[in-house]
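Taking it in order: structure first as structure tokens, then the write-up.
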Amino acid sequence: MIDIKSVGKSMQLFISIILICFMFACTTTDDKLLDRALEQSGDNASEIQKVLDNYKGDKKETAEFLISSMLGKYSSIGDGLDSIEALYRCLPNGKSWQFDSLQLASIKYFENEPQQEINDLQNLTADYLIYNIDDAWRLKETMSWNKDLSVEQFQELLLPYRSGNEKISEWRVAYRKKYSNINKKLTATHNSVDAAAIVSKAIGKMRFNQQLNTPNRSALDLLEVPVGYCREDCDRTMYAMRAFGIPVTVDKMLVSPDNGKSHMWNVVYDNDDKIYRMFDNYRNPPTRDSIYDDQRSKGKIYRITTGFNFDRLDKYSDLEEVPAYLKDPHLKDVTSEYFGSNQAEIDVASTEKDVYLGIFTSEGLQPIDVAQKKGSNKVIFKDIEPGIIYFPIISGEKGFETCGSPFLLERDGRVHSFIPDVGRRTNVSLSRKMPVTFNLKEKIGSVIGSIIWVGKSPDGPWSELDSIAAIPDHNFYRIPIGQDKQERYIRISSSVTPKPEIGEVIVSSDSLARGRLPLSYANKKKKGKWKNIIDGDILSWYHYVAGKKGIILYIDSDDPFNSIFLIPRNDDNYVVPGEEYELFYFERNEWKSLGKKIAEGFDITYDVPANAVLWLRNLTKGKEEQIFICRDGRQLFNTDLRVAKLELND
């Protein structure tokens, strides 16, 4: 995930320059950008001119496009970044991992080391650029699936030599050499999606880690050590695909309606159906059988482009106080490709200020698009994902603030406004303050098949207490214990899930996990992160290999116990006994409290107004929170609403 607000000073300055060029030069064209690029190349102008002089016709147009698109492009380099790359190479290969505390401390130090920005126009050689143009063009001409690819598509999907602000490298030959064993399969393939599936299988899945805040990693670093998060996975996939002439790019959401963060994914252009197909190397590799849904709420979707989008510049050039990430001229709105064209007409209480499409996040409302005005108190939002709760927002003194009721666009095109009916209330039981996403389901579901035993010694004999047959509906999975149990050893094993992930094991004298008894590991010489399951930290976790002896713990107390809690790896956003909560509902541009309560169990009850958007806060700990509504006694977050078949207007 990416922090949408982390836009560097260089990028902000670059956007400002482009906007000024656009506003004050009514004849702004690609020629103007090319002139600007040549001006900014400085002492490197002869190298840039050599590239332009090397081509004629369509290739000349391509070279001009590439040079123009280099405006604002740069590499971030520095000793700190090199040190982080060295740390990557110390990580175990092919295993789940996180940096330990010492490594993480080093990384935080390295992240703050000075970085130097190396401008592409002022440093790249003609030979480097010419090779990239010629190699990409050769793949356009020789790969059968590219025979109908237009010059414009080629420029966006095959030509680019970089993805972000990574260190420049010669990656095309390196990737083809690394995966040369797939050449025969690709030669026999005539569809780009089928070809992408071959490459996707060859490169495998990424080792996931989002603890870092660094520039993009270079193509060669990703080839050698495939580690990172969604951005790195997209970059590596894009390099591999383009090295073999497969037309791919990246789509992204700026602010997730599920967690308030950014996310990106790859799309491949299907040369037969003339559409873009999203895919995931890990869960859903490229396929032509169906449209892949990654189960994430998105709101608005933008395609990252190499060329400048003048329509976007025009849309935002006259707006005041617009966030830099919305003004990015390398974003193209492609929401309609996913959800079709639609619009939502909304009543607002703002006649002068620009109105934005807002998404709720734990850090406040964030804009993802701007509305078209219609009269004095109405606006229209075009092409948005149905089944998502949005807010009309304006820029205020303390950030973005609402200027109307939250709303949802139904799939039939009707708009539902959430105006609470305080005279009609419903009693609801709340168990979470964040949605249960598919990623979380996978983590919690990893304990399916786990068997819990008790015994009188570390070698048994063992008596089975419970076997987990389905995904637990709470992170505190309780196993009640009869009062006659005298065994002091607990064994946890699995015969189903390959690598069960356990966050914590608790033995308690009560059913609320308050009277906790001390635990220790039976085999204290065993290496690994097994201590994570008895360290009192729900967010730390440990996975063990199924089919083996499993985990054996010792209850280091003679006191009787009432319950054993097996807590899967989770996000710790469930309601927990003894912690304080406060529930809010939204009415007339403000959040109104429904009161504070101490949870007496693993859920908490409130009487809530009908048709209200709600927000549950944990006042004891944690920062992650999301809005929801309640229907038929159920909490429905955005991730639930997008798949629920509700008729809110009835």
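Chains: A, B, ... in order of the structure tokens. Residues: from 1 per chain. Ligands: from 1, in order shown.
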
I'd like the contact shell of Ser457 in chain A - 9 Å cut-off, only C-alpha atoms, skipping same-chain residues fewer than 4 positions apart - returned as a PyMOL selection string. chain A and resi 461-462+487-489+554

Residue set, range 40-258 of chain A restricted to helix (DSSP H, G or I), as a compact mmCIF listing (two decimals) with N, CA, C and O atoms, in the first residue's frame:
# COMPACT_ATOMS: atom_id res chain seq x y z
N GLN A 40 15.26 21.61 -20.79
CA GLN A 40 15.66 21.11 -19.48
C GLN A 40 16.79 20.08 -19.54
O GLN A 40 17.35 19.72 -18.51
N GLY A 42 19.70 20.56 -20.71
CA GLY A 42 20.95 21.25 -20.39
C GLY A 42 22.13 20.76 -21.19
O GLY A 42 22.08 20.68 -22.43
N ASP A 43 23.21 20.41 -20.48
CA ASP A 43 24.44 19.96 -21.14
C ASP A 43 24.27 18.62 -21.84
O ASP A 43 25.14 18.20 -22.62
N ASN A 44 23.15 17.93 -21.54
CA ASN A 44 22.89 16.62 -22.17
C ASN A 44 22.05 16.75 -23.43
O ASN A 44 21.61 15.76 -24.00
N ALA A 45 21.84 17.98 -23.90
CA ALA A 45 20.95 18.22 -25.04
C ALA A 45 21.42 17.49 -26.30
O ALA A 45 20.59 17.03 -27.10
N SER A 46 22.74 17.38 -26.49
CA SER A 46 23.24 16.72 -27.70
C SER A 46 22.85 15.24 -27.72
O SER A 46 22.55 14.68 -28.79
N GLU A 47 22.84 14.60 -26.55
CA GLU A 47 22.44 13.19 -26.47
C GLU A 47 20.95 13.05 -26.79
O GLU A 47 20.53 12.12 -27.49
N ILE A 48 20.15 13.96 -26.26
CA ILE A 48 18.71 13.91 -26.51
C ILE A 48 18.42 14.17 -27.99
O ILE A 48 17.59 13.48 -28.60
N GLN A 49 19.11 15.13 -28.58
CA GLN A 49 18.91 15.45 -29.99
C GLN A 49 19.33 14.28 -30.88
O GLN A 49 18.72 14.02 -31.92
N LYS A 50 20.36 13.56 -30.46
CA LYS A 50 20.83 12.41 -31.22
C LYS A 50 19.73 11.35 -31.33
O LYS A 50 19.57 10.70 -32.38
N VAL A 51 18.96 11.20 -30.27
CA VAL A 51 17.84 10.24 -30.30
C VAL A 51 16.80 10.69 -31.32
O VAL A 51 16.31 9.89 -32.13
N LEU A 52 16.46 11.96 -31.31
CA LEU A 52 15.44 12.48 -32.21
C LEU A 52 15.88 12.40 -33.67
O LEU A 52 15.07 12.13 -34.57
N ASP A 53 17.16 12.62 -33.90
CA ASP A 53 17.68 12.60 -35.28
C ASP A 53 17.84 11.18 -35.83
O ASP A 53 18.07 10.99 -37.03
N GLY A 57 9.36 8.92 -39.46
CA GLY A 57 8.03 8.33 -39.47
C GLY A 57 7.49 8.03 -38.08
O GLY A 57 7.63 8.84 -37.15
N ASP A 58 6.85 6.85 -37.96
CA ASP A 58 6.26 6.45 -36.68
C ASP A 58 7.30 6.35 -35.58
O ASP A 58 7.03 6.67 -34.41
N LYS A 59 8.49 5.89 -35.93
CA LYS A 59 9.55 5.81 -34.92
C LYS A 59 9.97 7.19 -34.46
O LYS A 59 10.31 7.39 -33.29
N LYS A 60 9.94 8.16 -35.36
CA LYS A 60 10.25 9.54 -35.00
C LYS A 60 9.21 10.05 -33.99
O LYS A 60 9.55 10.67 -32.99
N GLU A 61 7.94 9.75 -34.27
CA GLU A 61 6.86 10.14 -33.37
C GLU A 61 7.06 9.49 -31.99
O GLU A 61 6.84 10.11 -30.96
N THR A 62 7.48 8.23 -32.01
CA THR A 62 7.72 7.50 -30.76
C THR A 62 8.86 8.12 -29.98
O THR A 62 8.79 8.28 -28.75
N ALA A 63 9.94 8.47 -30.67
CA ALA A 63 11.09 9.09 -30.00
C ALA A 63 10.69 10.43 -29.38
O ALA A 63 11.09 10.75 -28.25
N GLU A 64 9.89 11.21 -30.10
CA GLU A 64 9.44 12.50 -29.57
C GLU A 64 8.55 12.30 -28.34
O GLU A 64 8.64 13.05 -27.37
N PHE A 65 7.70 11.29 -28.41
CA PHE A 65 6.84 10.98 -27.26
C PHE A 65 7.70 10.63 -26.05
O PHE A 65 7.47 11.12 -24.93
N LEU A 66 8.70 9.77 -26.26
CA LEU A 66 9.53 9.32 -25.15
C LEU A 66 10.29 10.49 -24.53
O LEU A 66 10.34 10.62 -23.29
N ILE A 67 10.86 11.34 -25.35
CA ILE A 67 11.62 12.48 -24.84
C ILE A 67 10.70 13.43 -24.07
O ILE A 67 11.04 13.90 -22.98
N SER A 68 9.52 13.71 -24.62
CA SER A 68 8.57 14.60 -23.95
C SER A 68 8.16 14.03 -22.59
O SER A 68 8.02 14.76 -21.61
N SER A 69 7.96 12.71 -22.54
CA SER A 69 7.51 12.07 -21.30
C SER A 69 8.59 12.03 -20.23
O SER A 69 8.31 11.73 -19.07
N ASP A 79 23.40 6.20 -0.42
CA ASP A 79 24.00 5.10 0.34
C ASP A 79 22.96 4.39 1.21
O ASP A 79 23.03 3.18 1.42
N GLY A 80 22.00 5.16 1.75
CA GLY A 80 20.97 4.55 2.58
C GLY A 80 20.14 3.54 1.80
O GLY A 80 19.82 2.45 2.30
N LEU A 81 19.78 3.89 0.57
CA LEU A 81 19.00 2.98 -0.27
C LEU A 81 19.81 1.74 -0.62
O LEU A 81 19.28 0.62 -0.67
N ASP A 82 21.11 1.91 -0.86
CA ASP A 82 21.98 0.76 -1.13
C ASP A 82 22.05 -0.16 0.08
O ASP A 82 22.07 -1.39 -0.05
N SER A 83 22.05 0.42 1.28
CA SER A 83 22.09 -0.38 2.50
C SER A 83 20.80 -1.17 2.69
O SER A 83 20.82 -2.31 3.16
N ILE A 84 19.67 -0.57 2.32
CA ILE A 84 18.40 -1.29 2.41
C ILE A 84 18.40 -2.47 1.44
O ILE A 84 17.94 -3.57 1.77
N GLU A 85 18.92 -2.26 0.24
CA GLU A 85 19.02 -3.36 -0.72
C GLU A 85 19.89 -4.49 -0.17
O GLU A 85 19.60 -5.67 -0.38
N ALA A 86 20.95 -4.13 0.54
CA ALA A 86 21.81 -5.15 1.15
C ALA A 86 21.04 -5.95 2.20
O ALA A 86 21.23 -7.17 2.33
N LEU A 87 20.17 -5.27 2.95
CA LEU A 87 19.35 -5.97 3.94
C LEU A 87 18.39 -6.95 3.27
O LEU A 87 18.15 -8.05 3.77
N TYR A 88 17.83 -6.55 2.15
CA TYR A 88 16.94 -7.45 1.42
C TYR A 88 17.64 -8.78 1.11
O TYR A 88 17.03 -9.85 1.16
N SER A 101 13.36 -6.45 14.80
CA SER A 101 13.45 -5.10 15.37
C SER A 101 14.78 -4.43 15.06
O SER A 101 14.83 -3.22 14.80
N LEU A 102 15.88 -5.19 15.05
CA LEU A 102 17.20 -4.62 14.76
C LEU A 102 17.28 -4.18 13.30
O LEU A 102 17.77 -3.10 12.98
N GLN A 103 16.80 -5.05 12.41
CA GLN A 103 16.81 -4.71 10.99
C GLN A 103 15.93 -3.49 10.71
O GLN A 103 16.30 -2.59 9.95
N LEU A 104 14.77 -3.46 11.37
CA LEU A 104 13.84 -2.36 11.15
C LEU A 104 14.42 -1.04 11.64
O LEU A 104 14.24 0.01 11.02
N ALA A 105 15.13 -1.09 12.76
CA ALA A 105 15.78 0.12 13.27
C ALA A 105 16.83 0.62 12.28
O ALA A 105 16.96 1.84 12.05
N SER A 106 17.56 -0.31 11.67
CA SER A 106 18.56 0.07 10.67
C SER A 106 17.90 0.70 9.46
O SER A 106 18.37 1.70 8.91
N ILE A 107 16.78 0.11 9.05
CA ILE A 107 16.07 0.62 7.88
C ILE A 107 15.58 2.04 8.12
O ILE A 107 15.69 2.91 7.25
N LYS A 108 15.02 2.29 9.31
CA LYS A 108 14.53 3.64 9.61
C LYS A 108 15.67 4.65 9.55
O LYS A 108 15.48 5.78 9.13
N TYR A 109 16.87 4.21 9.96
CA TYR A 109 18.04 5.08 9.85
C TYR A 109 18.40 5.30 8.38
O TYR A 109 18.64 6.42 7.93
N PHE A 110 18.41 4.19 7.61
CA PHE A 110 18.78 4.28 6.20
C PHE A 110 17.77 5.11 5.41
O PHE A 110 18.13 5.82 4.47
N GLU A 111 16.48 5.01 5.77
CA GLU A 111 15.44 5.75 5.06
C GLU A 111 15.67 7.26 5.15
O GLU A 111 15.31 8.01 4.24
N ASP A 120 16.55 12.46 -15.54
CA ASP A 120 16.71 11.64 -16.74
C ASP A 120 17.18 12.46 -17.94
O ASP A 120 18.09 12.06 -18.67
N LEU A 121 16.54 13.59 -18.17
CA LEU A 121 16.87 14.40 -19.34
C LEU A 121 18.32 14.86 -19.32
O LEU A 121 18.94 15.03 -20.38
N GLN A 122 18.86 15.05 -18.14
CA GLN A 122 20.21 15.58 -18.02
C GLN A 122 21.28 14.50 -17.90
O GLN A 122 22.46 14.82 -17.85
N ASN A 123 20.87 13.23 -17.88
CA ASN A 123 21.86 12.19 -17.61
C ASN A 123 21.78 10.96 -18.51
O ASN A 123 22.80 10.28 -18.68
N ALA A 126 22.12 8.72 -25.27
CA ALA A 126 21.39 8.39 -26.49
C ALA A 126 21.37 6.89 -26.73
O ALA A 126 20.35 6.33 -27.15
N ASP A 127 22.50 6.23 -26.46
CA ASP A 127 22.56 4.77 -26.67
C ASP A 127 21.52 4.05 -25.82
O ASP A 127 20.87 3.10 -26.30
N TYR A 128 21.35 4.47 -24.56
CA TYR A 128 20.38 3.81 -23.68
C TYR A 128 18.96 4.00 -24.23
O TYR A 128 18.18 3.04 -24.32
N LEU A 129 18.62 5.20 -24.60
CA LEU A 129 17.27 5.49 -25.07
C LEU A 129 16.99 4.84 -26.43
O LEU A 129 15.90 4.29 -26.66
N ILE A 130 17.96 4.88 -27.32
CA ILE A 130 17.78 4.28 -28.65
C ILE A 130 17.60 2.77 -28.52
O ILE A 130 16.75 2.18 -29.20
N TYR A 131 18.39 2.15 -27.66
CA TYR A 131 18.22 0.70 -27.48
C TYR A 131 16.82 0.36 -26.97
O TYR A 131 16.18 -0.59 -27.45
N ASN A 132 16.33 1.13 -26.02
CA ASN A 132 14.99 0.86 -25.49
C ASN A 132 13.92 1.04 -26.55
O ASN A 132 12.98 0.24 -26.63
N ILE A 133 14.04 2.07 -27.37
CA ILE A 133 13.07 2.28 -28.44
C ILE A 133 13.13 1.14 -29.44
O ILE A 133 12.09 0.56 -29.82
N ASP A 134 14.33 0.78 -29.89
CA ASP A 134 14.49 -0.26 -30.91
C ASP A 134 14.03 -1.62 -30.40
O ASP A 134 13.39 -2.39 -31.13
N ASP A 135 14.36 -1.94 -29.15
CA ASP A 135 13.99 -3.25 -28.61
C ASP A 135 12.47 -3.35 -28.47
O ASP A 135 11.87 -4.36 -28.83
N ALA A 136 11.85 -2.31 -27.95
CA ALA A 136 10.40 -2.32 -27.81
C ALA A 136 9.72 -2.39 -29.17
O ALA A 136 8.73 -3.12 -29.36
N TRP A 137 10.23 -1.64 -30.15
CA TRP A 137 9.65 -1.65 -31.50
C TRP A 137 9.78 -3.03 -32.15
O TRP A 137 8.85 -3.50 -32.84
N ARG A 138 10.92 -3.67 -31.94
CA ARG A 138 11.13 -5.02 -32.50
C ARG A 138 10.06 -5.99 -31.95
O ARG A 138 9.50 -6.81 -32.70
N LEU A 139 9.77 -5.87 -30.66
CA LEU A 139 8.77 -6.74 -30.04
C LEU A 139 7.37 -6.42 -30.56
O LEU A 139 6.52 -7.31 -30.68
N LYS A 140 7.14 -5.16 -30.85
CA LYS A 140 5.85 -4.79 -31.45
C LYS A 140 5.68 -5.44 -32.81
O LYS A 140 4.58 -5.91 -33.17
N GLU A 141 6.75 -5.48 -33.58
CA GLU A 141 6.68 -5.98 -34.94
C GLU A 141 6.71 -7.51 -35.01
O GLU A 141 6.16 -8.09 -35.95
N THR A 142 7.34 -8.17 -34.06
CA THR A 142 7.57 -9.62 -34.17
C THR A 142 6.59 -10.47 -33.37
O THR A 142 6.34 -11.62 -33.73
N SER A 144 3.15 -11.87 -32.40
CA SER A 144 1.91 -11.94 -33.18
C SER A 144 0.76 -11.18 -32.53
O SER A 144 -0.09 -10.61 -33.22
N TRP A 145 0.71 -11.17 -31.20
CA TRP A 145 -0.40 -10.50 -30.52
C TRP A 145 -0.33 -8.97 -30.63
O TRP A 145 -1.27 -8.28 -30.27
N ASN A 146 0.81 -8.45 -31.11
CA ASN A 146 0.97 -6.99 -31.21
C ASN A 146 0.72 -6.46 -32.63
O ASN A 146 0.93 -5.27 -32.88
N VAL A 151 0.20 2.83 -32.55
CA VAL A 151 1.41 3.51 -32.09
C VAL A 151 1.18 4.07 -30.69
O VAL A 151 2.06 3.99 -29.82
N GLU A 152 -0.01 4.63 -30.45
CA GLU A 152 -0.31 5.19 -29.13
C GLU A 152 -0.31 4.11 -28.05
O GLU A 152 0.22 4.32 -26.95
N GLN A 153 -0.87 2.94 -28.35
CA GLN A 153 -0.87 1.84 -27.38
C GLN A 153 0.56 1.35 -27.15
O GLN A 153 0.95 1.06 -26.02
N PHE A 154 1.32 1.25 -28.22
CA PHE A 154 2.72 0.83 -28.09
C PHE A 154 3.49 1.76 -27.17
O PHE A 154 4.26 1.32 -26.31
N GLN A 155 3.26 3.05 -27.33
CA GLN A 155 3.99 4.03 -26.52
C GLN A 155 3.68 3.89 -25.03
O GLN A 155 4.55 4.13 -24.19
N GLU A 156 2.48 3.50 -24.69
CA GLU A 156 2.09 3.37 -23.29
C GLU A 156 2.36 1.99 -22.71
O GLU A 156 2.65 1.86 -21.53
N LEU A 157 2.29 0.95 -23.53
CA LEU A 157 2.28 -0.42 -23.00
C LEU A 157 3.57 -1.20 -23.21
O LEU A 157 3.81 -2.19 -22.52
N ARG A 172 15.93 -5.11 -19.98
CA ARG A 172 15.23 -5.91 -20.98
C ARG A 172 15.91 -7.25 -21.26
O ARG A 172 15.27 -8.31 -21.18
N VAL A 173 17.18 -7.23 -21.55
CA VAL A 173 17.91 -8.48 -21.83
C VAL A 173 18.00 -9.33 -20.57
O VAL A 173 17.88 -10.57 -20.62
N ALA A 174 18.19 -8.69 -19.43
CA ALA A 174 18.34 -9.43 -18.18
C ALA A 174 17.10 -10.26 -17.87
O ALA A 174 17.21 -11.43 -17.45
N TYR A 175 15.93 -9.69 -18.06
CA TYR A 175 14.69 -10.44 -17.80
C TYR A 175 14.50 -11.56 -18.81
O TYR A 175 14.06 -12.66 -18.45
N ARG A 176 14.81 -11.31 -20.07
CA ARG A 176 14.67 -12.38 -21.07
C ARG A 176 15.64 -13.52 -20.81
O ARG A 176 15.30 -14.69 -21.01
N LYS A 177 16.83 -13.18 -20.35
CA LYS A 177 17.81 -14.22 -20.04
C LYS A 177 17.38 -15.04 -18.83
O LYS A 177 17.51 -16.27 -18.82
N LYS A 178 16.84 -14.36 -17.82
CA LYS A 178 16.41 -15.04 -16.59
C LYS A 178 15.31 -16.05 -16.88
O LYS A 178 15.28 -17.15 -16.31
N SER A 180 14.43 -17.38 -19.99
CA SER A 180 14.58 -17.81 -21.38
C SER A 180 13.89 -19.15 -21.66
O SER A 180 13.60 -19.48 -22.81
N ASN A 181 13.60 -19.91 -20.60
CA ASN A 181 12.98 -21.22 -20.80
C ASN A 181 11.53 -21.13 -21.29
O ASN A 181 10.94 -22.15 -21.68
N ILE A 182 10.93 -19.94 -21.30
CA ILE A 182 9.54 -19.82 -21.74
C ILE A 182 9.44 -19.37 -23.20
O ILE A 182 8.33 -19.21 -23.71
N ASN A 183 10.55 -19.21 -23.88
CA ASN A 183 10.53 -18.66 -25.25
C ASN A 183 9.70 -19.52 -26.21
O ASN A 183 8.92 -19.00 -27.02
N LYS A 184 9.84 -20.83 -26.12
CA LYS A 184 9.11 -21.71 -27.04
C LYS A 184 7.61 -21.61 -26.83
O LYS A 184 6.83 -21.58 -27.79
N LYS A 185 7.19 -21.55 -25.57
CA LYS A 185 5.75 -21.43 -25.27
C LYS A 185 5.20 -20.11 -25.82
O LYS A 185 4.11 -20.07 -26.38
N LEU A 186 5.97 -19.04 -25.67
CA LEU A 186 5.51 -17.75 -26.14
C LEU A 186 5.43 -17.70 -27.67
O LEU A 186 4.51 -17.09 -28.23
N THR A 187 6.35 -18.37 -28.33
CA THR A 187 6.36 -18.39 -29.79
C THR A 187 5.09 -19.04 -30.34
O THR A 187 4.58 -18.65 -31.40
N SER A 192 -2.30 -12.03 -26.26
CA SER A 192 -1.46 -11.36 -25.25
C SER A 192 -1.77 -11.82 -23.83
O SER A 192 -0.87 -11.89 -23.00
N VAL A 193 -3.03 -12.14 -23.54
CA VAL A 193 -3.39 -12.59 -22.19
C VAL A 193 -2.80 -13.97 -21.93
O VAL A 193 -2.27 -14.24 -20.84
N ASP A 194 -2.88 -14.85 -22.92
CA ASP A 194 -2.28 -16.18 -22.78
C ASP A 194 -0.77 -16.06 -22.59
O ASP A 194 -0.16 -16.80 -21.80
N ALA A 195 -0.16 -15.13 -23.33
CA ALA A 195 1.29 -14.91 -23.18
C ALA A 195 1.61 -14.38 -21.79
O ALA A 195 2.59 -14.80 -21.16
N ALA A 196 0.77 -13.46 -21.30
CA ALA A 196 0.98 -12.91 -19.96
C ALA A 196 0.89 -14.00 -18.90
O ALA A 196 1.61 -13.98 -17.90
N ALA A 197 -0.01 -14.97 -19.10
CA ALA A 197 -0.15 -16.07 -18.15
C ALA A 197 1.13 -16.91 -18.07
O ALA A 197 1.52 -17.39 -16.99
N ILE A 198 1.79 -17.06 -19.21
CA ILE A 198 3.04 -17.82 -19.24
C ILE A 198 4.12 -17.10 -18.44
O ILE A 198 4.84 -17.70 -17.63
N VAL A 199 4.24 -15.79 -18.66
CA VAL A 199 5.24 -15.00 -17.93
C VAL A 199 4.89 -14.95 -16.45
O VAL A 199 5.76 -15.07 -15.57
N SER A 200 3.61 -14.78 -16.14
CA SER A 200 3.17 -14.70 -14.75
C SER A 200 3.55 -15.96 -13.98
O SER A 200 4.04 -15.90 -12.84
N LYS A 201 3.35 -17.12 -14.60
CA LYS A 201 3.70 -18.38 -13.94
C LYS A 201 5.21 -18.49 -13.75
O LYS A 201 5.69 -19.00 -12.72
N ALA A 202 5.96 -18.00 -14.73
CA ALA A 202 7.42 -18.10 -14.65
C ALA A 202 8.00 -17.24 -13.54
O ALA A 202 8.91 -17.68 -12.82
N ILE A 203 7.49 -16.03 -13.37
CA ILE A 203 8.08 -15.14 -12.36
C ILE A 203 7.59 -15.47 -10.96
O ILE A 203 8.23 -15.13 -9.97
N ALA A 219 14.72 -2.30 -11.58
CA ALA A 219 14.28 -3.51 -12.26
C ALA A 219 15.20 -4.69 -11.96
O ALA A 219 14.75 -5.82 -11.76
N LEU A 220 16.51 -4.44 -11.94
CA LEU A 220 17.46 -5.53 -11.69
C LEU A 220 17.43 -5.98 -10.23
O LEU A 220 17.60 -7.16 -9.93
N ASP A 221 17.23 -5.05 -9.29
CA ASP A 221 17.09 -5.44 -7.89
C ASP A 221 15.86 -6.32 -7.69
O ASP A 221 15.89 -7.32 -6.96
N LEU A 222 14.76 -5.97 -8.36
CA LEU A 222 13.54 -6.78 -8.25
C LEU A 222 13.73 -8.14 -8.90
O LEU A 222 13.14 -9.14 -8.45
N LEU A 223 14.52 -8.21 -9.94
CA LEU A 223 14.80 -9.49 -10.60
C LEU A 223 15.60 -10.39 -9.68
O LEU A 223 15.35 -11.60 -9.59
N GLU A 224 16.56 -9.81 -8.97
CA GLU A 224 17.43 -10.60 -8.09
C GLU A 224 16.75 -10.95 -6.78
O GLU A 224 16.87 -12.08 -6.29
N CYS A 230 2.59 -4.05 -3.16
CA CYS A 230 1.88 -4.03 -4.45
C CYS A 230 2.64 -3.25 -5.52
O CYS A 230 2.66 -3.66 -6.69
N ARG A 231 3.28 -2.15 -5.14
CA ARG A 231 4.01 -1.36 -6.13
C ARG A 231 5.15 -2.17 -6.73
O ARG A 231 5.34 -2.19 -7.96
N GLU A 232 5.92 -2.83 -5.88
CA GLU A 232 7.04 -3.63 -6.37
C GLU A 232 6.57 -4.80 -7.22
O GLU A 232 7.20 -5.16 -8.22
N ASP A 233 5.47 -5.42 -6.81
CA ASP A 233 4.94 -6.53 -7.59
C ASP A 233 4.52 -6.06 -8.97
O ASP A 233 4.78 -6.73 -9.98
N CYS A 234 3.87 -4.91 -9.03
CA CYS A 234 3.47 -4.35 -10.34
C CYS A 234 4.68 -4.00 -11.19
O CYS A 234 4.71 -4.28 -12.40
N ASP A 235 5.69 -3.40 -10.57
CA ASP A 235 6.89 -3.01 -11.32
C ASP A 235 7.58 -4.24 -11.91
O ASP A 235 7.90 -4.28 -13.10
N ARG A 236 7.82 -5.24 -11.06
CA ARG A 236 8.51 -6.44 -11.52
C ARG A 236 7.72 -7.13 -12.63
O ARG A 236 8.29 -7.55 -13.65
N THR A 237 6.41 -7.23 -12.45
CA THR A 237 5.57 -7.86 -13.47
C THR A 237 5.63 -7.09 -14.78
O THR A 237 5.73 -7.68 -15.86
N MET A 238 5.57 -5.77 -14.68
CA MET A 238 5.60 -4.94 -15.87
C MET A 238 6.92 -5.09 -16.62
O MET A 238 6.94 -5.20 -17.85
N TYR A 239 8.03 -5.10 -15.89
CA TYR A 239 9.33 -5.28 -16.54
C TYR A 239 9.39 -6.63 -17.26
O TYR A 239 9.83 -6.72 -18.41
N ALA A 240 8.95 -7.67 -16.58
CA ALA A 240 9.02 -9.02 -17.17
C ALA A 240 8.13 -9.12 -18.40
O ALA A 240 8.55 -9.66 -19.44
N MET A 241 6.92 -8.59 -18.31
CA MET A 241 6.00 -8.67 -19.44
C MET A 241 6.53 -7.87 -20.63
O MET A 241 6.54 -8.36 -21.78
N ARG A 242 6.95 -6.65 -20.40
CA ARG A 242 7.41 -5.81 -21.50
C ARG A 242 8.70 -6.33 -22.12
O ARG A 242 8.95 -6.13 -23.31
N ALA A 243 9.51 -7.01 -21.32
CA ALA A 243 10.74 -7.59 -21.87
C ALA A 243 10.42 -8.64 -22.93
O ALA A 243 11.22 -8.86 -23.85

Who sits within 10 Å of Leu430 in chain A, only C-alpha atoms, same chain under 3 positions skipped, as a compact mmCIF listing (two decimals) with N, CA and C atoms, in the first residue's frame:
# COMPACT_ATOMS: atom_id res chain seq x y z
N ASN A 427 -31.69 -1.98 17.56
CA ASN A 427 -30.65 -2.49 18.44
C ASN A 427 -29.71 -3.39 17.64
N LYS A 433 -14.50 -2.82 14.11
CA LYS A 433 -14.46 -1.43 13.69
C LYS A 433 -13.81 -1.27 12.31
N TYR A 574 -11.14 -6.29 16.29
CA TYR A 574 -12.37 -6.81 16.87
C TYR A 574 -12.64 -6.14 18.22
N VAL A 575 -13.89 -6.21 18.66
CA VAL A 575 -14.25 -5.71 19.98
C VAL A 575 -13.67 -6.66 21.03
N LEU A 583 -19.55 5.07 19.71
CA LEU A 583 -20.19 4.96 18.41
C LEU A 583 -20.75 6.32 17.99
N PHE A 602 -17.36 -9.92 23.77
CA PHE A 602 -16.67 -9.80 22.50
C PHE A 602 -17.53 -9.10 21.44
N ASP A 603 -18.55 -8.41 21.90
CA ASP A 603 -19.30 -7.50 21.06
C ASP A 603 -19.88 -6.42 21.96
N ILE A 604 -20.49 -5.41 21.34
CA ILE A 604 -21.03 -4.29 22.09
C ILE A 604 -22.31 -3.84 21.40
N THR A 605 -23.35 -3.54 22.17
CA THR A 605 -24.66 -3.23 21.59
C THR A 605 -25.00 -1.76 21.72
N TYR A 606 -25.71 -1.26 20.70
CA TYR A 606 -26.18 0.13 20.68
C TYR A 606 -27.55 0.17 20.02
N LEU A 616 -17.48 3.36 14.51
CA LEU A 616 -17.13 2.84 15.84
C LEU A 616 -15.66 3.09 16.11
N CYS A 630 -25.93 -0.44 9.29
CA CYS A 630 -26.49 -1.65 9.89
C CYS A 630 -27.80 -2.00 9.21
N GLY A 633 -29.60 -6.15 11.70
CA GLY A 633 -28.71 -6.46 12.80
C GLY A 633 -27.28 -6.72 12.41
N ARG A 634 -26.92 -6.52 11.14
CA ARG A 634 -25.56 -6.80 10.66
C ARG A 634 -24.82 -5.51 10.39
N GLN A 635 -23.51 -5.52 10.69
CA GLN A 635 -22.63 -4.44 10.26
C GLN A 635 -22.29 -4.65 8.79
